[in-house]
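Source file target-v5.cif; content: mmCIF, C-alpha atoms.
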```
data_coords
#
loop_
_atom_site.group_PDB
_atom_site.id
_atom_site.type_symbol
_atom_site.label_atom_id
_atom_site.label_comp_id
_atom_site.auth_asym_id
_atom_site.auth_seq_id
_atom_site.Cartn_x
_atom_site.Cartn_y
_atom_site.Cartn_z
ATOM 1 C CA GLN A 144 9.386 14.297 -9.005
ATOM 2 C CA VAL A 145 8.082 12.306 -6.048
ATOM 3 C CA GLN A 146 10.049 9.792 -4.012
ATOM 4 C CA LEU A 147 8.433 7.014 -1.989
ATOM 5 C CA VAL A 148 10.025 5.189 0.933
ATOM 6 C CA GLU A 149 8.309 2.085 2.248
ATOM 7 C CA SER A 150 8.805 0.203 5.483
ATOM 8 C CA GLY A 151 7.145 -2.457 7.582
ATOM 9 C CA GLY A 152 7.256 -5.690 5.617
ATOM 10 C CA GLY A 153 8.433 -8.973 7.045
ATOM 11 C CA LEU A 154 7.594 -12.533 7.978
ATOM 12 C CA VAL A 155 4.517 -13.328 10.044
ATOM 13 C CA GLN A 156 2.467 -16.398 10.856
ATOM 14 C CA ALA A 157 -1.021 -16.839 9.503
ATOM 15 C CA GLY A 158 -3.498 -14.895 11.596
ATOM 16 C CA GLY A 159 -0.910 -12.308 12.516
ATOM 17 C CA SER A 160 -0.643 -8.621 11.716
ATOM 18 C CA LEU A 161 1.727 -6.237 9.998
ATOM 19 C CA ARG A 162 1.694 -2.524 9.336
ATOM 20 C CA LEU A 163 3.190 -0.999 6.222
ATOM 21 C CA SER A 164 4.156 2.648 5.894
ATOM 22 C CA CYS A 165 5.004 4.745 2.865
ATOM 23 C CA ALA A 166 6.280 8.301 3.028
ATOM 24 C CA ALA A 167 6.193 10.553 -0.020
ATOM 25 C CA SER A 168 8.563 13.437 -0.534
ATOM 26 C CA GLY A 169 9.471 15.848 -3.283
ATOM 27 C CA SER A 170 7.050 17.861 -5.392
ATOM 28 C CA ILE A 171 3.869 16.964 -3.496
ATOM 29 C CA PHE A 172 0.535 18.279 -4.716
ATOM 30 C CA SER A 173 -2.275 18.510 -2.186
ATOM 31 C CA ILE A 174 -4.699 16.523 -4.366
ATOM 32 C CA ASN A 175 -3.439 12.995 -4.804
ATOM 33 C CA ILE A 176 -4.126 9.319 -4.306
ATOM 34 C CA MET A 177 -1.902 7.050 -2.242
ATOM 35 C CA GLY A 178 -2.209 3.350 -1.848
ATOM 36 C CA TRP A 179 -0.857 -0.140 -2.044
ATOM 37 C CA TYR A 180 -0.584 -2.791 -4.708
ATOM 38 C CA ARG A 181 0.923 -6.244 -4.442
ATOM 39 C CA GLN A 182 2.498 -8.790 -6.716
ATOM 40 C CA ALA A 183 2.861 -12.450 -5.894
ATOM 41 C CA PRO A 184 5.290 -14.705 -7.804
ATOM 42 C CA GLY A 185 3.916 -15.546 -11.229
ATOM 43 C CA LYS A 186 0.972 -13.188 -10.882
ATOM 44 C CA GLN A 187 0.107 -9.715 -12.071
ATOM 45 C CA ARG A 188 0.324 -6.726 -9.806
ATOM 46 C CA GLU A 189 -3.034 -6.071 -8.185
ATOM 47 C CA LEU A 190 -4.670 -3.326 -6.211
ATOM 48 C CA VAL A 191 -4.840 -3.824 -2.451
ATOM 49 C CA ALA A 192 -6.176 -0.507 -1.184
ATOM 50 C CA ILE A 193 -6.053 3.138 -2.153
ATOM 51 C CA MET A 194 -7.070 6.350 -0.444
ATOM 52 C CA SER A 195 -7.509 9.814 -1.878
ATOM 53 C CA SER A 196 -6.330 12.960 -0.165
ATOM 54 C CA GLY A 197 -10.009 13.646 0.479
ATOM 55 C CA GLY A 198 -10.458 10.375 2.345
ATOM 56 C CA THR A 199 -12.173 8.170 -0.207
ATOM 57 C CA THR A 200 -11.029 4.542 -0.010
ATOM 58 C CA ASN A 201 -11.184 1.501 -2.237
ATOM 59 C CA TYR A 202 -10.247 -2.025 -1.205
ATOM 60 C CA ALA A 203 -9.771 -5.273 -3.051
ATOM 61 C CA ASP A 204 -12.502 -7.749 -2.132
ATOM 62 C CA SER A 205 -9.859 -10.194 -0.928
ATOM 63 C CA VAL A 206 -8.654 -7.857 1.831
ATOM 64 C CA ASP A 207 -11.805 -5.930 2.692
ATOM 65 C CA GLY A 208 -12.521 -6.296 6.399
ATOM 66 C CA ARG A 209 -8.982 -7.440 7.202
ATOM 67 C CA PHE A 210 -6.837 -4.558 5.948
ATOM 68 C CA THR A 211 -7.247 -0.880 6.754
ATOM 69 C CA ILE A 212 -5.671 1.968 4.834
ATOM 70 C CA SER A 213 -5.091 5.331 6.450
ATOM 71 C CA ARG A 214 -3.009 8.385 5.784
ATOM 72 C CA ASP A 215 -1.503 11.403 7.442
ATOM 73 C CA ASN A 216 -1.689 14.206 4.893
ATOM 74 C CA ALA A 217 0.526 16.470 6.997
ATOM 75 C CA LYS A 218 3.282 13.845 6.766
ATOM 76 C CA ASN A 219 2.439 12.716 3.222
ATOM 77 C CA THR A 220 2.388 9.195 4.571
ATOM 78 C CA VAL A 221 0.045 6.298 3.919
ATOM 79 C CA TYR A 222 -0.327 3.247 6.131
ATOM 80 C CA LEU A 223 -1.696 -0.225 5.595
ATOM 81 C CA GLN A 224 -2.734 -2.137 8.695
ATOM 82 C CA MET A 225 -2.970 -5.803 7.780
ATOM 83 C CA ASN A 226 -4.761 -8.124 10.193
ATOM 84 C CA SER A 227 -5.770 -11.774 10.002
ATOM 85 C CA LEU A 228 -3.070 -12.363 7.432
ATOM 86 C CA LYS A 229 -3.294 -15.430 5.225
ATOM 87 C CA PRO A 230 -0.610 -17.287 3.273
ATOM 88 C CA GLU A 231 -2.228 -16.009 0.076
ATOM 89 C CA ASP A 232 -1.381 -12.462 1.169
ATOM 90 C CA THR A 233 2.291 -13.289 0.569
ATOM 91 C CA ALA A 234 3.628 -10.863 -2.032
ATOM 92 C CA VAL A 235 5.799 -7.857 -2.648
ATOM 93 C CA TYR A 236 3.759 -4.829 -1.628
ATOM 94 C CA TYR A 237 4.287 -1.621 -3.582
ATOM 95 C CA CYS A 238 3.365 1.866 -2.508
ATOM 96 C CA ASN A 239 1.667 3.880 -5.215
ATOM 97 C CA TYR A 240 1.238 7.626 -5.481
ATOM 98 C CA ILE A 241 -0.732 9.448 -8.158
ATOM 99 C CA GLN A 242 -0.912 13.163 -8.757
ATOM 100 C CA LYS A 243 -1.712 15.150 -11.872
ATOM 101 C CA GLY A 244 -2.122 11.884 -13.768
ATOM 102 C CA ILE A 245 1.402 10.661 -13.033
ATOM 103 C CA ASN A 246 2.037 7.343 -11.268
ATOM 104 C CA TYR A 247 4.923 6.866 -8.878
ATOM 105 C CA TRP A 248 5.994 3.579 -7.331
ATOM 106 C CA GLY A 249 7.958 2.582 -4.286
ATOM 107 C CA GLN A 250 10.685 -0.035 -4.380
ATOM 108 C CA GLY A 251 8.468 -2.689 -2.813
ATOM 109 C CA THR A 252 8.527 -4.476 0.511
ATOM 110 C CA GLN A 253 8.206 -8.223 0.975
ATOM 111 C CA VAL A 254 5.381 -9.607 3.080
ATOM 112 C CA THR A 255 5.545 -13.328 3.772
ATOM 113 C CA VAL A 256 2.802 -15.146 5.666
ATOM 114 C CA SER A 257 3.631 -18.654 6.832
ATOM 115 C CA SER A 258 0.954 -21.290 7.390
#
```

As a first step, turn the structure in this file into structure tokens.
Amino acid sequence: QVQLVESGGGLVQAGGSLRLSCAASGSIFSINIMGWYRQAPGKQRELVAIMSSGGTTNYADSVDGRFTISRDNAKNTVYLQMNSLKPEDTAVYYCNYIQKGINYWGQGTQVTVSS
């Protein structure tokens, strides 16, 4: 089993920045993918950014150039630096961890961007 603990959400004005963190613990395998998804009210959960343990990244077009994903493999932690935030970035952000074909999810952290 893998447990995920997220932190860093909050309320920010448009144009501002936030940094999310997610620490994984438990039965960690060295080969994995960590990342972030988000879900706005009335919408489906969507990919924001993911990063493999080898360093490969993938970003949603809507955040590319504004958000940066990074990770510290020694700490089993993934970060999401969010800059130039827009009201449409408002959502619950979920940490995601995949290893050996199994998906794990964090509890979610609210990000609210005011206009």

Just want the 12 Å neighbourhood of A:Gly208, counted on only C-alpha atoms, with same-chain residues fewer than 2 positions away dropped. Output as a PDB file with C-alpha atoms, in the coordinates of the input.
```pdb
ATOM      1  CA  VAL A 191      -4.840  -3.824  -2.451  1.00  0.00           C
ATOM      2  CA  ALA A 192      -6.176  -0.507  -1.184  1.00  0.00           C
ATOM      3  CA  ASN A 201     -11.184   1.501  -2.237  1.00  0.00           C
ATOM      4  CA  TYR A 202     -10.247  -2.025  -1.205  1.00  0.00           C
ATOM      5  CA  ALA A 203      -9.771  -5.273  -3.051  1.00  0.00           C
ATOM      6  CA  ASP A 204     -12.502  -7.749  -2.132  1.00  0.00           C
ATOM      7  CA  SER A 205      -9.859 -10.194  -0.928  1.00  0.00           C
ATOM      8  CA  VAL A 206      -8.654  -7.857   1.831  1.00  0.00           C
ATOM      9  CA  PHE A 210      -6.837  -4.558   5.948  1.00  0.00           C
ATOM     10  CA  THR A 211      -7.247  -0.880   6.754  1.00  0.00           C
ATOM     11  CA  ILE A 212      -5.671   1.968   4.834  1.00  0.00           C
ATOM     12  CA  GLN A 224      -2.734  -2.137   8.695  1.00  0.00           C
ATOM     13  CA  MET A 225      -2.970  -5.803   7.780  1.00  0.00           C
ATOM     14  CA  ASN A 226      -4.761  -8.124  10.193  1.00  0.00           C
ATOM     15  CA  SER A 227      -5.770 -11.774  10.002  1.00  0.00           C
ATOM     16  CA  LEU A 228      -3.070 -12.363   7.432  1.00  0.00           C
TER      17      LEU A 228
END
```

- prompt: Do you know which residues the PyMOL selection byres ((chain A and resi 246) around 12) returns on this file, as a ChimeraX atom specification?
  reply: /A:144-147,175-178,238-245,247-249

Using all atoms listed in the file, determine which residues lie at most 10 Å from A:Glu149, disregarding the query and same-chain residues fewer than 2 positions distant; provide the list as a CSV table (one decimal) with C-alpha atoms, in the coordinates of the input.
```
chain,number,residue,atom,x,y,z
A,147,LEU,CA,8.4,7.0,-2.0
A,151,GLY,CA,7.1,-2.5,7.6
A,152,GLY,CA,7.3,-5.7,5.6
A,163,LEU,CA,3.2,-1.0,6.2
A,164,SER,CA,4.2,2.6,5.9
A,165,CYS,CA,5.0,4.7,2.9
A,166,ALA,CA,6.3,8.3,3.0
A,167,ALA,CA,6.2,10.6,0.0
A,220,THR,CA,2.4,9.2,4.6
A,221,VAL,CA,0.0,6.3,3.9
A,222,TYR,CA,-0.3,3.2,6.1
A,236,TYR,CA,3.8,-4.8,-1.6
A,237,TYR,CA,4.3,-1.6,-3.6
A,238,CYS,CA,3.4,1.9,-2.5
A,248,TRP,CA,6.0,3.6,-7.3
A,249,GLY,CA,8.0,2.6,-4.3
A,250,GLN,CA,10.7,0.0,-4.4
A,251,GLY,CA,8.5,-2.7,-2.8
A,252,THR,CA,8.5,-4.5,0.5
```

task: Using all atoms listed in the file, pick whichever of A:Gln253, A:Ala183, A:Ala157, A:Arg209 has the shortest atom-to-atom distance to A:Leu223.
output: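 Among the listed residues, the smallest separation from A:Leu223 belongs to A:Arg209.
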
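Ranking A:Glu231, A:Gln187, A:Val148, A:Ile174 by their shortest atom-to-atom distance to A:Asn216, with all atoms listed in the file included, puts A:Ile174 first.
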
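Rounded to one decimal, atom CA of A:Lys186 and atom CA of A:Val155 lie 21.2 Å from each other.
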
task: Go ahead and compute the interatomic distance for atom CA of A:Met194 and atom CA of A:Arg214, in Å to one decimal.
output: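 Atom CA of A:Met194 sits 7.7 Å away from atom CA of A:Arg214.
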